[in-house]
Structure formats: C-alpha cells, structure tokens
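J.: Structure below; questions to follow.
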Amino acid sequence: MTYMEHLKDNLLSYCPLKPLSDEETEYLHTDIAQKIVNLSNIPCNDCKYCMPCPYGVDIPGIFVHYNKCKNEGSLPQAIGDKEYRKHRRQYLISLDRSVARQRQPDHCIGCGQCTPHCPQNIRIPQELHKIDRMIEELKRQNDTL
C-alpha cells in the first residue's frame, strides 16, 4: 500500500471483524482446501523475481500458462481421452500466443540463475524441462494422430 488511504480502506474490509461460521469454516477447510491441494500446480505467483533469464526464457509466463490450462481442465491428458486432440491443439496454440517462441521452455539450459531468487522455492529448471518434455511429446503426437 502506497498511501494511508489505501491502508485505511483495507482495514475497513475487516472492521468490524466477523468470524466465520462453523459452516463457512468447514467449507473452507474441506471443500476449498482439498481442491487446492489436489491442483498440483507449479506454485508460481508471477512475482518475476526469477527474471530476467539470461537466455530469454519467460519463466513466469510459461508457468502461468501451464497453471491456467491445468486449472481450466484443458491440459492434454491421455491420448485415449475423447477431448485429447482438442486440448492438445488448444494448449500448443495458446502457448505460442502467450509466450513468444524464443522465450519458451526449450531455451532453458538449466543454468539455475533463477532458482535462488524464487520466494516459492520452485525448482525452476526442472519444472521448465518437465513442461518442455510435455510440449515436445505433444508436437511429436501430431504426426501420429
């Protein structure tokens, strides 16, 4: 918060403080918390502390795109899935639209300069290489589908 009025406005959000009901607490702890735990997203919050990458990789852009597709359920899963071809195509096209080709995960050489700057302690090169392997597999499947 930059100005005192921002602080006051934020404080008013909690005044008067009204504790959650038992029902609301139960909902948060069981339903919402369980969904969050099951997401298995890359815990990137797009802070950009890992940037700039000396090799031009758009680290947060790649992670945000991956998480968005995963959360929407549009990440390609199994080849036998009836939505697989659609999700595969959609993921590859939306990645190219979100992240310029020269800034995609295949340009990561694993130097690790980004890792110590990440407040989420993400093993950035490993995650980028995992996403890159997935992308390469999706591209290879284009010839077989």
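Each chain in the structure tokens gets a letter, A, B and so on, in the order shown; residues start at 1 in every chain, and ligands are counted from 1 in the order they appear.
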Find the residues around Cys50 in chain A up to 10 Å (only C-alpha atoms counted), leave out those fewer than 2 positions away in its own chain, and share them as a PyMOL selection string.

T.: chain A and resi 46-48+52-53+58-60+112-119+124

J.: Hey, could you make a per-residue contact list for range 7-69 of chain A against range 92-103 of chain A with 7 Å as the cut-off, showing the nearest pair of atoms and its distance in Å to one decimal, counting only C-alpha atoms, sorted by chain and number, as JSON lines?

T.:
```
{"residue": "A:Gly56", "atom": "CA", "partner": "A:Arg103", "partner_atom": "CA", "distance": 5.4}
{"residue": "A:Val57", "atom": "CA", "partner": "A:Arg103", "partner_atom": "CA", "distance": 4.2}
{"residue": "A:Asp58", "atom": "CA", "partner": "A:Arg103", "partner_atom": "CA", "distance": 5.2}
{"residue": "A:Gly61", "atom": "CA", "partner": "A:Val99", "partner_atom": "CA", "distance": 6.4}
{"residue": "A:Ile62", "atom": "CA", "partner": "A:Val99", "partner_atom": "CA", "distance": 6.8}
{"residue": "A:His65", "atom": "CA", "partner": "A:Leu95", "partner_atom": "CA", "distance": 6.8}
```

J.: Write the residues of the selection above to a file with C-alpha atoms, as a short mmCIF file (atom, residue, chain, number, x, y, z; two decimals), in the first residue's frame.

T.:
```
data_model
loop_
_atom_site.label_atom_id
_atom_site.label_comp_id
_atom_site.auth_asym_id
_atom_site.auth_seq_id
_atom_site.Cartn_x
_atom_site.Cartn_y
_atom_site.Cartn_z
CA GLY A 56 15.42 -15.01 -22.55
CA VAL A 57 13.05 -17.64 -21.15
CA ASP A 58 9.73 -16.18 -19.95
CA GLY A 61 4.68 -16.63 -18.47
CA ILE A 62 5.26 -20.34 -19.05
CA HIS A 65 0.03 -20.56 -18.91
#
```
